[in-house]
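Notes follow the structure.
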Amino acid sequence: MKIQKVTDRAFAPYGRMIGGFPCGDILEAMKKTPVPDGVVYTPSDEGLEACKNAEAAAQSLYGGMPIQLGYCNGHNKKLNAVEYHRDSEINIAATDLVLILGKQQDIEEDFTYDTAKMEAFLVPAGTVIEVYATTLHYAPCHVDESGFQCVVILPKGTNTDIEASKTIAEDRLLFARNKWLIGHEEGGLPEGAFIGLKGENLSID
């Protein structure tokens, strides 16, 4: 699929670049995190959260809210699923990586979604971006065969275990705390995930 840049105007509906945020110590701490053959996601990492600029992220990027700093690392070329939150997510690219993004507004009434509506964007190493709450996203894709590393900053408790709710229809997508998930049948997701992606399981190859 076509890969655009986060500096392109086409990225504007999905998020924005954040210039000037001091993250050198966070990127240095990322060097100690693993890069598996598959994909690993850790919502909260002590090494990242011990960084001086973790507090700057809470005070500046989230306006003083409690946050968590984690990471998503590994090797991946496919979409597999999409997720969204009730708030923005901050990503700091420790390596070059590609994000495949869509819009929550395009989800159908039955909570299915056509992957043909998604776009891919290259996020260069060292770039800090805000991914809006209404942006569908999932694990990054690697550019280099050595894999990808991405800092993931979210409100504290996001992506942790939650008891199932059956209050409204959307609850069938609620897969973890503050995480609504729509999977692809080829995505290899755990039992219980809502499978609602229609079309191709997109790949950046």
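Lettering and numbering for the structure tokens are positional, with chains as A, B, ... in the shown order, residues counted from 1 in each chain, and ligands counted from 1 in the shown order.
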
inquiry  = Report as a PyMOL selection string all protein, DNA and RNA residues lying within 12 Å of segment 115-121 of chain A, evaluated on only C-alpha atoms, omitting residues in the same chain fewer than 3 positions from it.
reply    = chain A and resi 1-16+77-82+96-108+112+124+129+131+135-138+140-143+182-184+196-205

Spatial neighbours of His75 of chain A, max dist 8 Å, only C-alpha atoms, sep filter under 4 positions, as a list in words = Val35, Pro36, Asp37, Gly38, Val39, Cys141, His142, Glu145, Ser146, Gly147 and Phe148 of chain A

request  = Fewer than 2 positions away in the same chain doesn't count, so skip those; otherwise give me all residues within 7 Å of Cys150 of chain A, counting only C-alpha atoms, as a list in words.
outcome  = Tyr71, Cys72, Asn73, Asn91, Ile92, Ala93, Ala94, Phe148 and Val152 of chain A

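What separates atom CA of Ser165 of chain A from atom CA of Pro43 of chain A is a distance of 21.4 Å.
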
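DSSP, applied to the backbone of this structure, assigns alpha helix (DSSP H) to the following residues of chain A: Gly24, Asp25, Ile26, Leu27, Glu28, Ala29, Met30, Glu46, Gly47, Leu48, Glu49, Lys52, Asn53, Ala54, Glu55 and Ala56 of chain A.
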
Could you save the residues just selected, with all heavy atoms, as an mmCIF file, in the first residue's frame?
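Once everything was written out, this is selection-v2.cif:
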```cif
data_model
loop_
_atom_site.group_PDB
_atom_site.id
_atom_site.type_symbol
_atom_site.label_atom_id
_atom_site.label_comp_id
_atom_site.auth_asym_id
_atom_site.auth_seq_id
_atom_site.Cartn_x
_atom_site.Cartn_y
_atom_site.Cartn_z
ATOM 1 N N GLY A 24 14.937 12.735 24.976
ATOM 2 C CA GLY A 24 16.204 12.027 24.821
ATOM 3 C C GLY A 24 16.403 10.921 25.839
ATOM 4 O O GLY A 24 16.873 9.824 25.499
ATOM 5 N N ASP A 25 16.033 11.177 27.103
ATOM 6 C CA ASP A 25 16.211 10.151 28.131
ATOM 7 C C ASP A 25 15.248 8.987 27.931
ATOM 8 O O ASP A 25 15.588 7.828 28.190
ATOM 9 C CB ASP A 25 16.046 10.748 29.529
ATOM 10 C CG ASP A 25 14.722 11.471 29.750
ATOM 11 O OD1 ASP A 25 14.034 11.768 28.757
ATOM 12 O OD2 ASP A 25 14.374 11.740 30.922
ATOM 13 N N ILE A 26 14.054 9.274 27.421
ATOM 14 C CA ILE A 26 13.081 8.217 27.146
ATOM 15 C C ILE A 26 13.575 7.328 26.005
ATOM 16 O O ILE A 26 13.505 6.095 26.078
ATOM 17 C CB ILE A 26 11.705 8.821 26.828
ATOM 18 C CG1 ILE A 26 11.165 9.579 28.049
ATOM 19 C CG2 ILE A 26 10.715 7.743 26.382
ATOM 20 C CD1 ILE A 26 9.892 10.361 27.790
ATOM 21 N N LEU A 27 14.111 7.952 24.964
ATOM 22 C CA LEU A 27 14.646 7.182 23.838
ATOM 23 C C LEU A 27 15.850 6.351 24.269
ATOM 24 O O LEU A 27 16.047 5.226 23.793
ATOM 25 C CB LEU A 27 15.020 8.116 22.694
ATOM 26 C CG LEU A 27 13.844 8.773 21.968
ATOM 27 C CD1 LEU A 27 14.344 9.805 20.961
ATOM 28 C CD2 LEU A 27 12.987 7.728 21.278
ATOM 29 N N GLU A 28 16.656 6.891 25.171
ATOM 30 C CA GLU A 28 17.810 6.137 25.676
ATOM 31 C C GLU A 28 17.331 4.912 26.461
ATOM 32 O O GLU A 28 17.884 3.811 26.323
ATOM 33 C CB GLU A 28 18.662 7.037 26.565
ATOM 34 C CG GLU A 28 19.973 6.410 27.024
ATOM 35 C CD GLU A 28 20.942 6.126 25.886
ATOM 36 O OE1 GLU A 28 20.882 6.813 24.850
ATOM 37 O OE2 GLU A 28 21.769 5.191 26.048
ATOM 38 N N ALA A 29 16.292 5.090 27.266
ATOM 39 C CA ALA A 29 15.750 3.968 28.039
ATOM 40 C C ALA A 29 15.135 2.910 27.139
ATOM 41 O O ALA A 29 15.125 1.718 27.473
ATOM 42 C CB ALA A 29 14.711 4.483 29.037
ATOM 43 N N MET A 30 14.632 3.318 25.979
ATOM 44 C CA MET A 30 14.044 2.359 25.043
ATOM 45 C C MET A 30 15.054 1.356 24.510
ATOM 46 O O MET A 30 14.687 0.260 24.076
ATOM 47 C CB MET A 30 13.388 3.099 23.880
ATOM 48 C CG MET A 30 11.992 3.611 24.162
ATOM 49 S SD MET A 30 10.783 2.269 24.377
ATOM 50 C CE MET A 30 10.580 1.723 22.663
ATOM 51 N N GLU A 46 8.706 0.355 34.000
ATOM 52 C CA GLU A 46 9.353 1.100 35.081
ATOM 53 C C GLU A 46 10.523 1.937 34.579
ATOM 54 O O GLU A 46 10.741 3.062 35.043
ATOM 55 C CB GLU A 46 9.836 0.136 36.161
ATOM 56 C CG GLU A 46 8.719 -0.522 36.953
ATOM 57 C CD GLU A 46 9.245 -1.410 38.058
ATOM 58 O OE1 GLU A 46 10.498 -1.531 38.178
ATOM 59 O OE2 GLU A 46 8.423 -1.982 38.801
ATOM 60 N N GLY A 47 11.292 1.403 33.643
ATOM 61 C CA GLY A 47 12.447 2.128 33.138
ATOM 62 C C GLY A 47 12.061 3.408 32.427
ATOM 63 O O GLY A 47 12.696 4.462 32.604
ATOM 64 N N LEU A 48 11.010 3.345 31.632
ATOM 65 C CA LEU A 48 10.545 4.533 30.921
ATOM 66 C C LEU A 48 9.914 5.540 31.890
ATOM 67 O O LEU A 48 10.131 6.750 31.782
ATOM 68 C CB LEU A 48 9.527 4.141 29.845
ATOM 69 C CG LEU A 48 10.031 3.242 28.720
ATOM 70 C CD1 LEU A 48 8.885 2.912 27.759
ATOM 71 C CD2 LEU A 48 11.175 3.904 27.958
ATOM 72 N N GLU A 49 9.151 5.021 32.840
ATOM 73 C CA GLU A 49 8.459 5.911 33.764
ATOM 74 C C GLU A 49 9.389 6.548 34.780
ATOM 75 O O GLU A 49 9.034 7.549 35.418
ATOM 76 C CB GLU A 49 7.327 5.151 34.451
ATOM 77 C CG GLU A 49 6.217 4.782 33.469
ATOM 78 C CD GLU A 49 5.125 3.922 34.047
ATOM 79 O OE1 GLU A 49 5.298 3.436 35.188
ATOM 80 O OE2 GLU A 49 4.097 3.728 33.367
ATOM 81 N N LYS A 52 13.226 11.364 33.666
ATOM 82 C CA LYS A 52 12.859 12.718 34.084
ATOM 83 C C LYS A 52 11.735 13.281 33.237
ATOM 84 O O LYS A 52 10.807 13.923 33.748
ATOM 85 C CB LYS A 52 14.083 13.625 34.001
ATOM 86 C CG LYS A 52 13.811 15.074 34.374
ATOM 87 C CD LYS A 52 15.060 15.924 34.251
ATOM 88 C CE LYS A 52 14.777 17.379 34.582
ATOM 89 N NZ LYS A 52 16.003 18.215 34.442
ATOM 90 N N ASN A 53 11.783 13.030 31.953
ATOM 91 C CA ASN A 53 10.796 13.627 31.053
ATOM 92 C C ASN A 53 9.475 12.864 31.010
ATOM 93 O O ASN A 53 8.562 13.271 30.292
ATOM 94 C CB ASN A 53 11.382 13.802 29.658
ATOM 95 C CG ASN A 53 12.372 14.957 29.614
ATOM 96 O OD1 ASN A 53 12.074 16.051 30.085
ATOM 97 N ND2 ASN A 53 13.557 14.702 29.092
ATOM 98 N N ALA A 54 9.363 11.784 31.781
ATOM 99 C CA ALA A 54 8.058 11.139 31.944
ATOM 100 C C ALA A 54 7.110 12.097 32.660
ATOM 101 O O ALA A 54 5.922 12.180 32.337
ATOM 102 C CB ALA A 54 8.199 9.834 32.711
ATOM 103 N N GLU A 55 7.637 12.822 33.635
ATOM 104 C CA GLU A 55 6.821 13.806 34.350
ATOM 105 C C GLU A 55 6.434 14.950 33.422
ATOM 106 O O GLU A 55 5.317 15.473 33.494
ATOM 107 C CB GLU A 55 7.584 14.343 35.563
ATOM 108 C CG GLU A 55 6.830 15.382 36.378
ATOM 109 C CD GLU A 55 5.562 14.851 37.008
ATOM 110 O OE1 GLU A 55 5.437 13.620 37.176
ATOM 111 O OE2 GLU A 55 4.676 15.666 37.336
ATOM 112 N N ALA A 56 7.358 15.332 32.534
ATOM 113 C CA ALA A 56 7.035 16.378 31.551
ATOM 114 C C ALA A 56 5.908 15.930 30.633
ATOM 115 O O ALA A 56 5.051 16.726 30.252
ATOM 116 C CB ALA A 56 8.280 16.728 30.724
#
```

Test item: residues at most 10 Å from segment 59-64 of chain A, only C-alpha atoms, excluding those fewer than 3 positions along its chain, as a VMD selection string = chain A and resid 18 21 53 to 56 67 87 to 90 130 153 to 155

Please produce a file of those selected residues containing N, CA, C and O atoms, as an mmCIF file, in the first residue's frame.
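Written file, result.cif:
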```cif
data_model
loop_
_atom_site.group_PDB
_atom_site.id
_atom_site.type_symbol
_atom_site.label_atom_id
_atom_site.label_comp_id
_atom_site.auth_asym_id
_atom_site.auth_seq_id
_atom_site.Cartn_x
_atom_site.Cartn_y
_atom_site.Cartn_z
ATOM 1 N N ILE A 18 4.319 16.673 17.340
ATOM 2 C CA ILE A 18 4.579 17.513 18.503
ATOM 3 C C ILE A 18 6.058 17.872 18.502
ATOM 4 O O ILE A 18 6.917 17.019 18.729
ATOM 5 N N PHE A 21 9.312 18.537 22.220
ATOM 6 C CA PHE A 21 9.176 17.781 23.468
ATOM 7 C C PHE A 21 10.489 17.068 23.781
ATOM 8 O O PHE A 21 11.007 16.317 22.951
ATOM 9 N N ASN A 53 11.783 13.030 31.953
ATOM 10 C CA ASN A 53 10.796 13.627 31.053
ATOM 11 C C ASN A 53 9.475 12.864 31.010
ATOM 12 O O ASN A 53 8.562 13.271 30.292
ATOM 13 N N ALA A 54 9.363 11.784 31.781
ATOM 14 C CA ALA A 54 8.058 11.139 31.944
ATOM 15 C C ALA A 54 7.110 12.097 32.660
ATOM 16 O O ALA A 54 5.922 12.180 32.337
ATOM 17 N N GLU A 55 7.637 12.822 33.635
ATOM 18 C CA GLU A 55 6.821 13.806 34.350
ATOM 19 C C GLU A 55 6.434 14.950 33.422
ATOM 20 O O GLU A 55 5.317 15.473 33.494
ATOM 21 N N ALA A 56 7.358 15.332 32.534
ATOM 22 C CA ALA A 56 7.035 16.378 31.551
ATOM 23 C C ALA A 56 5.908 15.930 30.633
ATOM 24 O O ALA A 56 5.051 16.726 30.252
ATOM 25 N N ILE A 67 -0.552 9.261 33.944
ATOM 26 C CA ILE A 67 -0.297 8.568 32.690
ATOM 27 C C ILE A 67 0.583 7.344 32.918
ATOM 28 O O ILE A 67 1.108 7.131 34.006
ATOM 29 N N ASP A 87 -9.371 8.802 24.395
ATOM 30 C CA ASP A 87 -8.446 9.919 24.516
ATOM 31 C C ASP A 87 -7.303 9.730 23.526
ATOM 32 O O ASP A 87 -7.127 8.656 22.954
ATOM 33 N N SER A 88 -6.523 10.772 23.340
ATOM 34 C CA SER A 88 -5.379 10.680 22.443
ATOM 35 C C SER A 88 -4.293 9.777 23.016
ATOM 36 O O SER A 88 -4.178 9.594 24.232
ATOM 37 N N GLU A 89 -3.495 9.234 22.107
ATOM 38 C CA GLU A 89 -2.326 8.436 22.454
ATOM 39 C C GLU A 89 -1.098 9.173 21.930
ATOM 40 O O GLU A 89 -1.103 9.669 20.814
ATOM 41 N N ILE A 90 -0.046 9.229 22.733
ATOM 42 C CA ILE A 90 1.216 9.817 22.294
ATOM 43 C C ILE A 90 2.171 8.695 21.916
ATOM 44 O O ILE A 90 2.372 7.755 22.689
ATOM 45 N N GLU A 130 0.900 12.910 18.290
ATOM 46 C CA GLU A 130 -0.355 12.647 18.979
ATOM 47 C C GLU A 130 -1.268 11.917 18.010
ATOM 48 O O GLU A 130 -1.479 12.377 16.886
ATOM 49 N N ILE A 153 2.368 6.299 25.138
ATOM 50 C CA ILE A 153 1.951 7.028 26.341
ATOM 51 C C ILE A 153 0.435 7.176 26.323
ATOM 52 O O ILE A 153 -0.140 7.659 25.341
ATOM 53 N N LEU A 154 -0.190 6.770 27.415
ATOM 54 C CA LEU A 154 -1.651 6.796 27.532
ATOM 55 C C LEU A 154 -2.044 7.094 28.975
ATOM 56 O O LEU A 154 -1.222 6.972 29.887
ATOM 57 N N PRO A 155 -3.297 7.476 29.214
ATOM 58 C CA PRO A 155 -3.762 7.633 30.588
ATOM 59 C C PRO A 155 -3.563 6.345 31.390
ATOM 60 O O PRO A 155 -3.702 5.236 30.856
#
```

query = Which residues in segment 65-152 of chain A does DSSP call strand (DSSP E or B)? List them as a PyMOL selection string.
reply = chain A and resi 67-74+78+81-84+89-93+97-103+113-114+119-123+128-131+135-137+141-142+148-152

Minimum-distance residue to Ala176 of chain A, chosen among A:Met17, A:Leu122, A:Ala57, A:Ala164 (using only C-alpha atoms) = A:Ala164

Coordinates-based distance that separates atom CA of Tyr84 of chain A from atom CA of Ile162 of chain A (Å, one decimal) =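 A separation of 15.7 Å between them.
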
task = Please provide as a VMD selection string all residues within 12 Å of Thr160 of chain A, with the sequence filter that same-chain residues fewer than 5 positions apart are discarded (counting only C-alpha atoms).
result = chain A and resid 41 to 44 68 70 154 to 155 174 to 179

Nearest-residue call for Met65 of chain A, choices A:Pro34, A:Gly157, A:Gly19, A:Gly126, using only C-alpha atoms =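 Among A:Pro34, A:Gly157, A:Gly19, A:Gly126, it is A:Gly157 that comes nearest to Met65 of chain A.
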
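A straight line drawn from atom CA of Gly192 of chain A to atom CA of Ala169 of chain A is 15.1 Å long.
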
query = Which is closer to Glu170 of chain A than all the others in A:Ala133, A:Val40, A:Glu191, A:Glu109, using only C-alpha atoms?
reply =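 Nearest to Glu170 of chain A: A:Glu109.
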